[in-house]
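Trainee: Sharing protein-v8.cif below, mmCIF, C-alpha atoms:
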data_query
loop_
_atom_site.label_atom_id
_atom_site.label_comp_id
_atom_site.auth_asym_id
_atom_site.auth_seq_id
_atom_site.Cartn_x
_atom_site.Cartn_y
_atom_site.Cartn_z
CA MET C 1 0.00 0.00 0.00
CA SER C 2 1.13 3.52 -0.65
CA SER C 3 2.25 5.91 2.04
CA LEU C 4 1.13 9.47 2.55
CA SER C 5 3.97 12.01 2.88
CA HIS C 6 3.97 14.40 5.80
CA GLY C 7 6.77 16.93 5.76
CA SER C 8 10.06 15.38 4.67
CA ARG C 9 9.32 11.88 5.97
CA PRO C 10 6.61 9.39 4.94
CA LEU C 11 3.86 8.97 7.48
CA HIS C 12 4.52 5.27 8.05
CA GLN C 13 8.16 6.02 8.97
CA ARG C 14 7.04 8.68 11.43
CA ALA C 15 4.53 6.23 12.89
CA ALA C 16 7.23 3.59 13.23
CA THR C 17 9.24 5.86 15.50
CA ALA C 18 6.21 7.10 17.45
CA ASN C 19 4.75 5.61 20.58
CA ARG C 20 4.72 1.91 19.69
CA HIS C 21 2.78 0.84 22.73
CA HIS C 22 -0.10 3.16 21.85
CA ARG C 23 -0.13 2.02 18.25
CA ARG C 24 -0.17 -1.61 19.31
CA THR C 25 -3.01 -0.88 21.68
CA LEU C 26 -5.41 0.79 19.28
CA LEU C 27 -5.80 1.38 15.56
CA ARG C 28 -8.69 3.36 14.14
CA ALA C 29 -9.08 2.72 10.44
CA ALA C 30 -12.02 2.92 8.06
CA GLY C 31 -14.34 3.77 10.92
CA LEU C 32 -13.43 0.65 12.92
CA SER C 33 -11.48 0.25 16.13
CA ILE C 34 -8.99 -2.60 16.07
CA ALA C 35 -7.41 -3.27 19.43
CA LEU C 36 -4.40 -5.56 19.64
CA PRO C 37 -5.43 -8.29 22.12
CA ARG C 38 -4.05 -8.41 25.64
CA LEU C 39 -1.16 -10.88 25.34
CA GLU C 40 0.10 -12.86 28.29
CA SER C 41 3.46 -13.44 26.62
CA LEU C 42 4.26 -9.73 26.66
CA THR C 43 4.25 -7.11 29.34
CA ALA C 44 2.30 -5.00 27.66
CA GLY C 45 -7.67 -8.11 -0.39
CA THR C 46 -6.63 -7.10 -3.91
CA PRO C 47 -8.62 -4.14 -5.24
CA VAL C 48 -10.93 -4.90 -8.17
CA SER C 49 -11.35 -2.23 -10.81
CA PRO C 50 -14.89 -1.00 -11.55
CA ALA C 51 -14.38 -1.97 -15.18
CA ALA C 52 -13.55 -5.51 -14.16
CA VAL C 53 -16.64 -5.62 -12.00
CA SER C 54 -18.78 -4.48 -14.93
CA ARG C 55 -17.22 -7.09 -17.24
CA SER C 56 -17.77 -9.80 -14.65
CA ALA C 57 -21.39 -8.79 -14.15
CA ALA C 58 -21.98 -8.81 -17.89
CA ARG C 59 -20.77 -12.42 -18.10
CA HIS C 60 -23.23 -13.53 -15.45
CA SER C 61 -27.00 -13.52 -15.11
CA PRO C 62 -28.55 -10.08 -15.61
CA ALA C 63 -30.81 -10.91 -12.66
CA PRO C 64 -28.58 -11.38 -9.60
CA ARG C 65 -29.91 -12.89 -6.40
CA ARG C 66 -30.71 -10.51 -3.57
CA LEU C 67 -31.51 -10.78 0.13
CA VAL C 68 -33.48 -8.52 2.48
CA CYS C 69 -33.79 -9.39 6.19
CA ILE C 70 -36.31 -7.47 8.32
CA GLY C 71 -36.39 -7.91 12.07
CA ASN C 72 -38.09 -6.25 14.99
CA GLU C 73 -37.12 -6.27 18.63
CA PHE C 74 -40.25 -7.65 20.26
CA GLY C 75 -41.55 -10.32 17.91
CA MET C 76 -45.23 -10.63 17.06
CA TYR C 77 -48.17 -11.31 19.38
CA PRO C 78 -48.44 -15.11 18.87
CA GLN C 79 -52.24 -15.40 18.99
CA ALA C 80 -52.58 -12.76 16.26
CA PHE C 81 -49.69 -14.03 14.12
CA TRP C 82 -49.97 -17.81 13.80
CA PRO C 83 -52.64 -19.29 11.52
CA GLN C 84 -54.79 -21.99 13.13
CA ASP C 85 -54.25 -24.50 10.32
CA SER C 86 -51.38 -25.47 8.04
CA GLY C 87 -50.73 -26.30 4.39
CA ARG C 88 -51.88 -24.25 1.41
CA ASP C 89 -55.48 -23.70 2.46
CA TYR C 90 -54.75 -22.07 5.80
CA LYS C 91 -56.75 -19.04 6.91
CA LEU C 92 -54.73 -15.86 7.23
CA SER C 93 -54.29 -14.62 10.79
CA PRO C 94 -55.00 -10.97 11.70
CA LEU C 95 -51.32 -10.02 11.35
CA LEU C 96 -51.00 -11.83 8.02
CA GLU C 97 -54.17 -10.39 6.49
CA PRO C 98 -52.30 -7.40 4.95
CA LEU C 99 -50.45 -9.99 2.81
CA ALA C 100 -53.63 -11.46 1.35
CA ASP C 101 -52.97 -10.15 -2.18
CA MET C 102 -49.48 -11.74 -2.10
CA ARG C 103 -50.55 -15.08 -0.63
CA ASP C 104 -48.76 -17.15 -3.27
CA GLN C 105 -45.55 -15.13 -2.82
CA PHE C 106 -44.69 -16.01 0.79
CA THR C 107 -44.36 -18.89 3.26
CA VAL C 108 -45.06 -18.84 7.01
CA PHE C 109 -42.91 -21.10 9.20
CA ARG C 110 -43.94 -22.45 12.61
CA HIS C 111 -41.55 -23.87 15.26
CA LEU C 112 -38.31 -22.45 13.83
CA ASP C 113 -35.78 -20.97 16.26
CA HIS C 114 -32.16 -21.28 17.36
CA GLY C 115 -32.79 -23.22 20.56
CA LEU C 116 -31.47 -20.29 22.60
CA LYS C 117 -32.64 -18.46 25.73
CA GLY C 118 -32.05 -15.01 27.12
CA GLY C 119 -35.13 -12.93 26.40
CA HIS C 120 -34.21 -9.44 25.19
CA PHE C 121 -30.52 -10.31 25.53
CA ALA C 122 -30.87 -13.03 22.88
CA VAL C 123 -32.68 -10.92 20.26
CA HIS C 124 -29.32 -10.21 18.61
CA THR C 125 -29.07 -13.91 17.65
CA PHE C 126 -31.89 -13.62 15.08
CA LEU C 127 -29.59 -13.65 12.03
CA THR C 128 -26.58 -15.33 13.66
CA GLY C 129 -28.00 -18.28 15.59
CA VAL C 130 -25.18 -17.70 18.06
CA ASN C 131 -24.97 -15.87 21.37
CA ALA C 132 -22.21 -13.28 21.20
CA ALA C 133 -20.42 -14.96 24.11
CA ASP C 134 -20.24 -18.24 22.15
CA ALA C 135 -19.26 -16.76 18.79
CA ARG C 136 -15.56 -17.58 19.17
CA THR C 137 -16.31 -21.29 19.44
CA MET C 138 -18.16 -21.40 16.11
CA PRO C 139 -16.37 -22.20 12.83
CA ASP C 140 -17.57 -18.95 11.23
CA GLY C 141 -17.63 -16.87 14.39
CA GLY C 142 -20.87 -15.01 15.00
CA ILE C 143 -21.40 -13.81 11.44
CA SER C 144 -25.00 -12.95 10.57
CA LEU C 145 -26.92 -14.24 7.57
CA ASP C 146 -26.81 -10.90 5.74
CA GLN C 147 -23.07 -10.46 6.26
CA ARG C 148 -22.36 -14.01 5.07
CA ALA C 149 -24.22 -13.14 1.88
CA ALA C 150 -22.36 -9.82 1.68
CA GLU C 151 -19.03 -11.65 1.75
CA PHE C 152 -20.17 -13.56 -1.31
CA VAL C 153 -21.17 -10.36 -3.14
CA GLY C 154 -17.86 -8.68 -2.37
CA ALA C 155 -16.96 -5.84 -4.72
CA GLN C 156 -19.69 -6.53 -7.26
CA THR C 157 -21.78 -3.69 -5.78
CA ARG C 158 -20.84 -0.36 -4.21
CA PHE C 159 -22.21 -1.56 -0.89
CA PRO C 160 -21.77 -5.29 -0.19
CA SER C 161 -24.60 -4.79 2.31
CA LEU C 162 -26.69 -2.09 3.94
CA THR C 163 -28.04 -2.13 7.49
CA VAL C 164 -30.85 0.35 8.08
CA GLY C 165 -33.06 1.31 11.01
CA SER C 166 -32.98 1.89 14.72
CA ASP C 167 -30.26 0.63 17.05
CA ASN C 168 -31.22 2.41 20.27
CA GLY C 169 -34.05 0.24 21.50
CA VAL C 170 -34.20 -1.92 24.62
CA HIS C 171 -30.78 -3.34 25.50
CA GLY C 172 -29.31 -1.82 22.33
CA GLY C 173 -32.00 -2.69 19.81
CA PRO C 174 -32.23 -5.71 17.49
CA GLN C 175 -28.46 -5.66 16.74
CA MET C 176 -29.01 -7.90 13.73
CA SER C 177 -25.87 -7.56 11.61
CA TRP C 178 -22.51 -8.96 12.76
CA THR C 179 -19.24 -9.50 10.93
CA ARG C 180 -17.22 -12.70 11.09
CA THR C 181 -14.98 -11.16 13.74
CA GLY C 182 -17.85 -10.19 16.01
CA THR C 183 -18.17 -6.52 15.08
CA LEU C 184 -21.68 -5.07 15.18
CA VAL C 185 -22.65 -3.32 11.94
CA PRO C 186 -24.32 -0.02 12.94
CA PRO C 187 -27.46 0.83 10.97
CA VAL C 188 -28.04 3.87 8.79
CA PRO C 189 -30.50 5.74 11.03
CA GLY C 190 -32.98 7.32 8.64
CA PRO C 191 -34.09 7.92 5.03
CA ARG C 192 -32.11 11.16 4.68
CA GLU C 193 -28.84 9.42 5.56
CA LEU C 194 -29.75 6.42 3.43
CA PHE C 195 -30.61 8.58 0.42
CA THR C 196 -27.32 10.48 0.78
CA LYS C 197 -25.34 7.25 1.06
CA LEU C 198 -26.98 5.76 -2.02
CA PHE C 199 -27.50 8.64 -4.42
CA VAL C 200 -25.56 11.80 -3.46
CA ASP C 201 -22.06 12.08 -4.91
CA ASP C 202 -19.37 13.74 -2.85
CA THR C 203 -17.90 17.05 -3.97
CA ALA C 204 -14.44 17.05 -5.55
CA GLN C 205 -12.98 18.33 -2.29
CA ALA C 206 -14.71 15.61 -0.28
CA LYS C 207 -13.47 12.95 -2.67
CA GLN C 208 -9.90 14.19 -2.30
CA ARG C 209 -10.25 14.14 1.49
CA ALA C 210 -11.51 10.57 1.22
CA ARG C 211 -8.51 9.59 -0.91
CA ASP C 212 -6.17 11.16 1.62
CA ARG C 213 -7.94 9.36 4.46
CA ILE C 214 -7.72 6.01 2.68
CA ALA C 215 -4.02 6.51 1.97
CA MET C 216 -3.28 7.50 5.57
CA GLU C 217 -5.27 4.61 7.04
CA SER C 218 -3.55 2.18 4.66
CA SER C 219 -0.14 3.40 5.79
CA ILE C 220 -1.04 3.14 9.46
CA LEU C 221 -2.51 -0.30 8.86
CA ASP C 222 0.73 -1.44 7.22
CA ALA C 223 2.79 -0.18 10.14
CA VAL C 224 0.62 -1.73 12.84
CA LEU C 225 0.33 -5.02 10.97
CA GLY C 226 4.10 -5.15 10.65
CA ASP C 227 4.49 -4.70 14.40
CA ALA C 228 1.91 -7.40 15.10
CA LYS C 229 3.63 -9.89 12.80
CA ALA C 230 6.94 -9.20 14.52
CA LEU C 231 5.37 -10.33 17.80
CA GLN C 232 4.33 -13.76 16.57
CA ARG C 233 7.62 -15.50 17.33
CA ARG C 234 7.46 -14.36 20.97
CA LEU C 235 3.98 -15.63 21.77
CA ASN C 236 2.68 -18.77 23.44
CA THR C 237 -0.12 -20.84 21.88
CA ASN C 238 -2.96 -19.04 23.64
CA ASP C 239 -1.66 -15.61 22.65
CA GLY C 240 -1.10 -16.88 19.12
CA ARG C 241 -4.82 -17.61 18.81
CA LYS C 242 -5.65 -14.13 20.08
CA LEU C 243 -3.32 -12.61 17.52
CA ASP C 244 -4.93 -14.67 14.75
CA GLU C 245 -8.28 -13.11 15.70
CA TYR C 246 -6.60 -9.71 15.51
CA PHE C 247 -5.28 -10.44 12.02
CA SER C 248 -8.80 -11.41 10.98
CA SER C 249 -10.06 -8.01 12.15
CA VAL C 250 -7.28 -6.32 10.20
CA ARG C 251 -8.33 -8.18 7.07
CA ASP C 252 -11.86 -6.78 7.51
CA VAL C 253 -10.41 -3.27 7.51
CA GLU C 254 -8.23 -4.02 4.50
CA LYS C 255 -11.29 -5.19 2.56
CA LYS C 256 -13.21 -2.04 3.46
CA LEU C 257 -10.32 0.21 2.45
CA SER C 258 -10.06 -1.67 -0.85
CA LEU C 259 -13.76 -1.15 -1.55
CA ASP C 260 -13.59 2.51 -0.56
CA ARG C 261 -10.68 3.08 -2.93
CA GLN C 262 -12.35 1.18 -5.78
CA TRP C 263 -15.68 2.99 -5.71
CA GLN C 264 -14.35 6.52 -5.15
CA GLU C 265 -14.19 7.12 -8.89
CA VAL C 266 -17.56 5.58 -9.80
CA ALA C 267 -20.54 7.95 -9.96
CA LYS C 268 -23.60 7.04 -7.94
CA PRO C 269 -26.90 6.42 -9.77
CA THR C 270 -29.37 9.25 -10.08
CA VAL C 271 -33.02 8.90 -9.09
CA ASP C 272 -36.04 11.16 -9.49
CA LEU C 273 -36.63 11.68 -5.77
CA PRO C 274 -36.12 14.74 -3.56
CA MET C 275 -33.91 14.65 -0.49
CA PRO C 276 -35.99 13.08 2.30
CA VAL C 277 -36.58 14.56 5.74
CA ASN C 278 -36.38 12.26 8.76
CA GLU C 279 -39.60 12.10 10.77
CA GLY C 280 -39.02 9.02 12.91
CA LEU C 281 -39.06 5.37 11.87
CA VAL C 282 -42.83 4.92 12.09
CA LYS C 283 -43.55 7.71 9.60
CA ASP C 284 -40.37 7.00 7.66
CA LEU C 285 -40.91 3.25 7.22
CA PRO C 286 -42.70 3.48 3.82
CA LEU C 287 -39.95 5.73 2.46
CA VAL C 288 -37.22 3.51 3.89
CA TYR C 289 -38.76 0.57 2.04
CA ASP C 290 -38.93 2.65 -1.16
CA LEU C 291 -35.24 3.52 -0.84
CA ILE C 292 -34.34 -0.13 -0.24
CA ALA C 293 -36.24 -1.03 -3.41
CA LEU C 294 -34.28 1.62 -5.32
CA ALA C 295 -31.00 0.37 -3.85
CA LEU C 296 -31.78 -3.12 -5.15
CA GLN C 297 -33.10 -1.89 -8.49
CA THR C 298 -29.97 0.19 -9.17
CA ASP C 299 -27.75 -2.69 -7.99
CA SER C 300 -26.17 -0.40 -5.42
CA THR C 301 -26.42 -3.37 -3.07
CA ARG C 302 -27.86 -6.87 -3.08
CA VAL C 303 -28.05 -7.38 0.68
CA VAL C 304 -30.10 -5.30 3.14
CA ALA C 305 -30.98 -5.69 6.82
CA LEU C 306 -33.74 -3.52 8.30
CA GLU C 307 -33.90 -3.19 12.08
CA ILE C 308 -37.09 -2.10 13.86
CA GLY C 309 -36.14 -1.44 17.47
CA GLY C 310 -37.58 0.06 20.61
CA SER C 311 -37.25 3.53 19.10
CA PHE C 312 -40.11 2.61 16.76
CA ALA C 313 -42.25 5.41 18.23
CA ILE C 314 -45.78 4.05 18.03
CA ARG C 315 -47.17 7.33 19.37
CA ASP C 316 -47.06 8.34 15.69
CA LEU C 317 -49.77 5.72 15.18
CA GLY C 318 -51.89 7.40 17.82
CA ILE C 319 -50.83 4.93 20.52
CA LYS C 320 -49.94 6.66 23.77
CA LYS C 321 -48.11 3.75 25.40
CA GLY C 322 -44.55 2.72 24.52
CA TYR C 323 -43.77 -0.21 22.22
CA HIS C 324 -41.70 -2.03 24.85
CA SER C 325 -44.27 -1.63 27.59
CA LEU C 326 -47.04 -2.90 25.32
CA SER C 327 -44.98 -5.96 24.42
CA HIS C 328 -45.21 -6.82 28.14
CA HIS C 329 -49.00 -6.65 27.96
CA GLY C 330 -49.68 -8.92 30.93
CA LYS C 331 -52.57 -10.42 28.93
CA VAL C 332 -54.54 -7.19 29.36
CA PRO C 333 -56.93 -7.05 26.35
CA ALA C 334 -56.64 -3.27 25.87
CA SER C 335 -52.84 -3.47 25.74
CA ILE C 336 -52.91 -6.47 23.39
CA LYS C 337 -55.20 -4.58 21.02
CA LEU C 338 -52.76 -1.66 20.83
CA LEU C 339 -49.77 -3.99 20.42
CA VAL C 340 -51.43 -5.80 17.52
CA GLN C 341 -52.23 -2.39 15.96
CA ALA C 342 -48.52 -1.49 16.01
CA GLU C 343 -47.48 -4.88 14.64
CA ARG C 344 -50.15 -4.83 11.93
CA TYR C 345 -48.76 -1.50 10.71
CA GLN C 346 -45.36 -3.18 10.31
CA MET C 347 -46.93 -6.04 8.36
CA GLU C 348 -48.85 -3.58 6.17
CA GLN C 349 -45.58 -1.89 5.21
CA TYR C 350 -43.94 -5.27 4.63
CA ALA C 351 -46.81 -6.19 2.29
CA ARG C 352 -46.51 -2.86 0.50
CA PHE C 353 -42.77 -3.48 -0.01
CA LEU C 354 -43.39 -6.93 -1.48
CA LYS C 355 -45.96 -5.50 -3.89
CA LYS C 356 -43.51 -2.81 -4.93
CA LEU C 357 -40.79 -5.38 -5.69
CA LYS C 358 -43.32 -7.49 -7.56
CA GLY C 359 -44.19 -4.50 -9.72
CA ILE C 360 -40.56 -3.82 -10.76
CA LYS C 361 -39.66 -5.87 -13.83
CA GLU C 362 -36.06 -6.95 -14.27
CA HIS C 363 -34.35 -5.58 -17.37
CA ASP C 364 -33.25 -8.27 -19.83
CA ALA C 365 -34.52 -11.00 -17.49
CA ASP C 366 -37.66 -12.96 -16.80
CA GLY C 367 -39.72 -12.07 -13.77
CA SER C 368 -39.83 -9.26 -11.26
CA LEU C 369 -37.43 -7.92 -8.65
CA LEU C 370 -39.31 -9.98 -6.05
CA ASP C 371 -38.74 -13.17 -8.04
CA HIS C 372 -34.99 -12.70 -7.53
CA THR C 373 -35.09 -11.24 -4.01
CA MET C 374 -35.59 -13.22 -0.81
CA VAL C 375 -37.37 -11.02 1.74
CA MET C 376 -37.49 -12.51 5.23
CA CYS C 377 -39.45 -10.85 8.04
CA GLY C 378 -39.12 -12.05 11.63
CA SER C 379 -37.59 -11.50 15.04
CA GLY C 380 -35.24 -13.01 17.58
CA MET C 381 -38.08 -12.79 20.11
CA GLY C 382 -40.85 -15.38 20.12
CA ASN C 383 -43.00 -13.97 22.91
CA ALA C 384 -41.90 -10.71 24.51
CA ASN C 385 -44.47 -10.95 27.29
CA SER C 386 -42.89 -14.17 28.58
CA HIS C 387 -39.33 -13.34 27.45
CA THR C 388 -38.99 -16.45 25.29
CA ASN C 389 -36.87 -16.92 22.17
CA ASN C 390 -38.47 -20.09 20.82
CA ASP C 391 -41.00 -20.46 18.01
CA LEU C 392 -39.90 -17.30 16.22
CA PRO C 393 -42.32 -15.56 13.82
CA ILE C 394 -40.79 -16.14 10.38
CA VAL C 395 -42.18 -15.16 6.97
CA LEU C 396 -40.14 -15.65 3.81
CA ALA C 397 -41.25 -14.09 0.54
CA GLY C 398 -39.89 -14.02 -3.01
CA GLY C 399 -36.67 -15.56 -4.22
CA GLY C 400 -38.32 -17.97 -6.64
CA PHE C 401 -39.36 -20.49 -3.97
CA ASP C 402 -42.56 -22.55 -4.03
CA HIS C 403 -44.58 -20.37 -1.67
CA GLY C 404 -48.18 -20.18 -0.54
CA ARG C 405 -48.02 -22.40 2.55
CA HIS C 406 -48.02 -22.39 6.32
CA LEU C 407 -45.34 -24.95 7.17
CA VAL C 408 -45.67 -26.33 10.69
CA LEU C 409 -42.42 -28.07 11.58
CA PRO C 410 -41.86 -30.48 14.48
CA ALA C 411 -42.00 -28.82 17.88
CA GLU C 412 -40.46 -31.77 19.78
CA GLN C 413 -36.86 -31.17 20.86
CA ARG C 414 -35.59 -34.43 19.37
CA LYS C 415 -37.16 -33.59 16.00
CA ARG C 416 -36.73 -29.83 16.12
CA VAL C 417 -35.62 -28.13 12.90
CA PRO C 418 -33.17 -25.26 13.53
CA LEU C 419 -33.90 -21.87 11.97
CA SER C 420 -30.33 -22.05 10.65
CA ASN C 421 -31.47 -24.83 8.29
CA LEU C 422 -33.64 -22.25 6.55
CA PHE C 423 -30.63 -19.92 6.44
CA VAL C 424 -28.58 -22.64 4.71
CA THR C 425 -31.27 -22.94 2.04
CA MET C 426 -31.41 -19.16 1.63
CA LEU C 427 -27.63 -18.94 1.22
CA GLN C 428 -27.72 -21.72 -1.36
CA ASN C 429 -30.46 -19.85 -3.22
CA PHE C 430 -28.23 -16.77 -3.07
CA GLY C 431 -25.50 -18.71 -4.87
CA LEU C 432 -23.24 -19.96 -2.09
CA GLU C 433 -22.01 -23.53 -2.10
CA THR C 434 -22.52 -24.27 1.58
CA ASP C 435 -24.20 -26.92 3.69
CA ARG C 436 -23.96 -25.28 7.12
CA PHE C 437 -24.67 -22.10 9.03
CA ALA C 438 -24.32 -21.70 12.79
CA GLY C 439 -26.23 -24.59 14.45
CA SER C 440 -27.76 -26.05 11.30
CA ASN C 441 -28.04 -29.79 10.78
CA GLY C 442 -29.22 -29.70 7.18
CA SER C 443 -31.36 -27.54 4.94
CA LEU C 444 -35.02 -26.98 4.07
CA ASN C 445 -34.60 -27.64 0.38
CA GLY C 446 -37.17 -30.42 0.53
CA LEU C 447 -39.77 -28.10 2.01
CA ILE C 448 -39.59 -24.96 -0.11
#
Have the structure of the file written as structure tokens, please.
Mentor:
Amino acid sequence: MSSLSHGSRPLHQRAATANRHHRRTLLRAAGLSIALPRLESLTAGTPVSPAAVSRSAARHSPAPRRLVCIGNEFGMYPQAFWPQDSGRDYKLSPLLEPLADMRDQFTVFRHLDHGLKGGHFAVHTFLTGVNAADARTMPDGGISLDQRAAEFVGAQTRFPSLTVGSDNGVHGGPQMSWTRTGTLVPPVPGPRELFTKLFVDDTAQAKQRARDRIAMESSILDAVLGDAKALQRRLNTNDGRKLDEYFSSVRDVEKKLSLDRQWQEVAKPTVDLPMPVNEGLVKDLPLVYDLIALALQTDSTRVVALEIGGSFAIRDLGIKKGYHSLSHHGKVPASIKLLVQAERYQMEQYARFLKKLKGIKEHDADGSLLDHTMVMCGSGMGNANSHTNNDLPIVLAGGGFDHGRHLVLPAEQRKRVPLSNLFVTMLQNFGLETDRFAGSNGSLNGLI
């Protein structure tokens, strides 16, 4: 990587003679903090050109696979969500009624979960299937479904993935998206920020500042990585493992810097839409969905996660009580009615989004945007009132699957089907050659 000159000496040489202990302790690059692990033994990717991406895309299907994962923090009121019967002729439940016009475009799953406990503190496992504390013991760490798909996309799109929504709910919000090294992916907070990220090009001055930042961070990364490699020969086995985890984090930063450098010179797509104004996620939700549809349509990204957390201010629906307090309804009918009202609004917007994708025809390909986009809606919470994380509410739409059913899977522990089995099938549909994800023991290919 190139170095950025500062005065008469290159920056990386100045850094090499600076306070080494501080540099080994903390590196801030590309918006990430990378701390060298505490070591007992001591006292203390190749960039791809945009043209190559375009050529590669032209050689492949003009209708790439896409993935959208939508999750809320408190689940769905079970008695209003689950249909009473199964199969293709099931009667839609109150919370599924907004999807009536799209009945043949989605599947409802019963008895899928990750076999985990923890109430609100386990909501973050929705897309990972792994408690954060256990992530290090898993072959792929605690990576989430969307980020696993984003790794596969790589540099083919400007944004390998987008995470959108609220992250300041109860106990930190849904916290859905996690990298392989256990880093939480913070969401874009509102439609204004999302619109800017997707469709507003930087000024020439801002682009030059970005180039300078990338060059500086690359130089610092080189220097710190060199120091870390020099330590390897002095470490015991336990510290060696810790340092390997550190190197994995560094590789994440290197990939991000490579992408930043690659896409600096590529103009963003233009859309006929004025700059949005943030009004809170409840009012903004339709517009957020519209922007996600545009992001997919313009191939700005192929992977999106939408988080609906405790900051989903249901007072904008005319409900005076808070979302979290209503989720703990205590079986009080008046509270349940208001909770279902808030959840039905979410399902109405989900249905509207599916219809929008269905109405967008793919250029030079058969079918609609929905036919090539898996859109999963669910939660890491099964029943917020009782703080349980089993029997999660899961709806999967689009993606070319054989939909139109309510699939009731075995509830018995010895026959239980992990939610991760569905994730394996979704990743395979996305194009990955994989037979495992988190705690999976197979796939659901025979069911959908």
Trainee: Report the distance between atom CA of C:Asp316 and atom CA of C:Arg192 in Å, rounded to one decimal place.
Mentor: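 Atom-to-atom, atom CA of C:Asp316 and atom CA of C:Arg192 are spaced 18.8 Å apart.
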Trainee: Which residues fall under the PyMOL selection byres ((chain C and resi 188) around 7) in this file, as a VMD selection string?
Mentor: chain C and resid 163 to 165 186 to 187 189 to 190 193 to 194
Trainee: Would you put the residues from that selection into a file with C-alpha atoms, as a PDB file, keeping the file's coordinate frame?
Mentor:
ATOM      1  CA  THR C 163     -28.040  -2.130   7.490  1.00  0.00           C
ATOM      2  CA  VAL C 164     -30.850   0.350   8.080  1.00  0.00           C
ATOM      3  CA  GLY C 165     -33.060   1.310  11.010  1.00  0.00           C
ATOM      4  CA  PRO C 186     -24.320  -0.020  12.940  1.00  0.00           C
ATOM      5  CA  PRO C 187     -27.460   0.830  10.970  1.00  0.00           C
ATOM      6  CA  PRO C 189     -30.500   5.740  11.030  1.00  0.00           C
ATOM      7  CA  GLY C 190     -32.980   7.320   8.640  1.00  0.00           C
ATOM      8  CA  GLU C 193     -28.840   9.420   5.560  1.00  0.00           C
ATOM      9  CA  LEU C 194     -29.750   6.420   3.430  1.00  0.00           C
TER      10      LEU C 194
END
Trainee: Quick one: of C:Thr373, C:Asn429, C:Thr183, C:Asn421, who's nearest to C:Thr301, counting only C-alpha atoms?
Mentor: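 Of C:Thr373, C:Asn429, C:Thr183, C:Asn421, the one nearest C:Thr301 is C:Thr373, counting only C-alpha atoms.
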Trainee: Identify, on the basis of only C-alpha atoms, every residue whose closest approach to C:Ser327 does not exceed 7 Å; exclude the query and any residue fewer than 5 positions from it along the same chain; express the result as an NGL selection string.
Mentor: :C and (74 or 339 or 384-385)
Trainee: Selection in question (the file shown): the PyMOL selection byres ((chain C and resi 331-337) around 12). Which residues does it include, as a PyMOL selection string?
Mentor: chain C and resi 76-80+94-95+319-330+338-344+383-386
Trainee: What does the structure give for the distance between atom CA of C:Gly378 and atom CA of C:Ala293, in Å to one decimal?
Mentor: 18.9 Å
Trainee: Report the distance between atom CA of C:Glu97 and atom CA of C:Asn72 in Å, rounded to one decimal place.
Mentor: 18.7 Å
Trainee: Considering only C-alpha atoms, can you say which of C:Leu99, C:Leu162, C:Val123, C:Val108 comes closest to C:His403?
Mentor: C:Val108
Trainee: As a check of understanding, name the residues that the PyMOL selection byres ((chain C and resi 309) around 6) selects in the supplied structure, as a PyMOL selection string.
Mentor: chain C and resi 72-73+166+169+173-174+308+310-312
Trainee: For the residues in the current selection, export C-alpha atoms as a short mmCIF file (atom, residue, chain, number, x, y, z; two decimals), in the coordinates of the input.
Mentor:
data_model
loop_
_atom_site.label_atom_id
_atom_site.label_comp_id
_atom_site.auth_asym_id
_atom_site.auth_seq_id
_atom_site.Cartn_x
_atom_site.Cartn_y
_atom_site.Cartn_z
CA ASN C 72 -38.09 -6.25 14.99
CA GLU C 73 -37.12 -6.27 18.63
CA SER C 166 -32.98 1.89 14.72
CA GLY C 169 -34.05 0.24 21.50
CA GLY C 173 -32.00 -2.69 19.81
CA PRO C 174 -32.23 -5.71 17.49
CA ILE C 308 -37.09 -2.10 13.86
CA GLY C 310 -37.58 0.06 20.61
CA SER C 311 -37.25 3.53 19.10
CA PHE C 312 -40.11 2.61 16.76
#
Trainee: For C:Asp140, work out the shell of residues within 12 Å, counting all atoms listed in the file and skipping chain neighbours fewer than 3 positions away, then give it as a VMD selection string.
Mentor: chain C and resid 128 to 130 134 to 137 143 to 145 147 to 148 178 to 182 245 248 436 to 439
Trainee: Name the residues in contact with C:Gly115 at a cut-off of 10 Å, using only C-alpha atoms, excluding same-chain residues fewer than 4 positions from it; report them as a PyMOL selection string.
Mentor: chain C and resi 129-130+389-391+413+416-419+439
Trainee: Point out the residue among C:Ile394, C:Leu444, C:Leu184, C:Val200 with the least atom-to-atom distance to C:Met426, counting all atoms listed in the file.
Mentor: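 Distance minimum relative to C:Met426 lands on C:Leu444.
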Trainee: With distances taken over all atoms listed in the file, which residue among C:Ser86, C:Thr237, C:Thr425, C:Ser443 lies nearest C:Leu407?
Mentor: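 Between C:Ser86, C:Thr237, C:Thr425, C:Ser443, the residue approaching C:Leu407 most closely is C:Ser86.
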Trainee: Which is closer to C:Asp89 than all the others in C:Pro274, C:Pro410, C:Gly404, C:Gly154, using all atoms listed in the file?
Mentor: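 Among the listed residues, C:Gly404 lies closest to C:Asp89.
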Trainee: Using only C-alpha atoms, which residue out of C:Arg65, C:His406, C:Lys415, C:Lys358 lies closest to C:Leu96?
Mentor: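 Closest candidate: C:His406.
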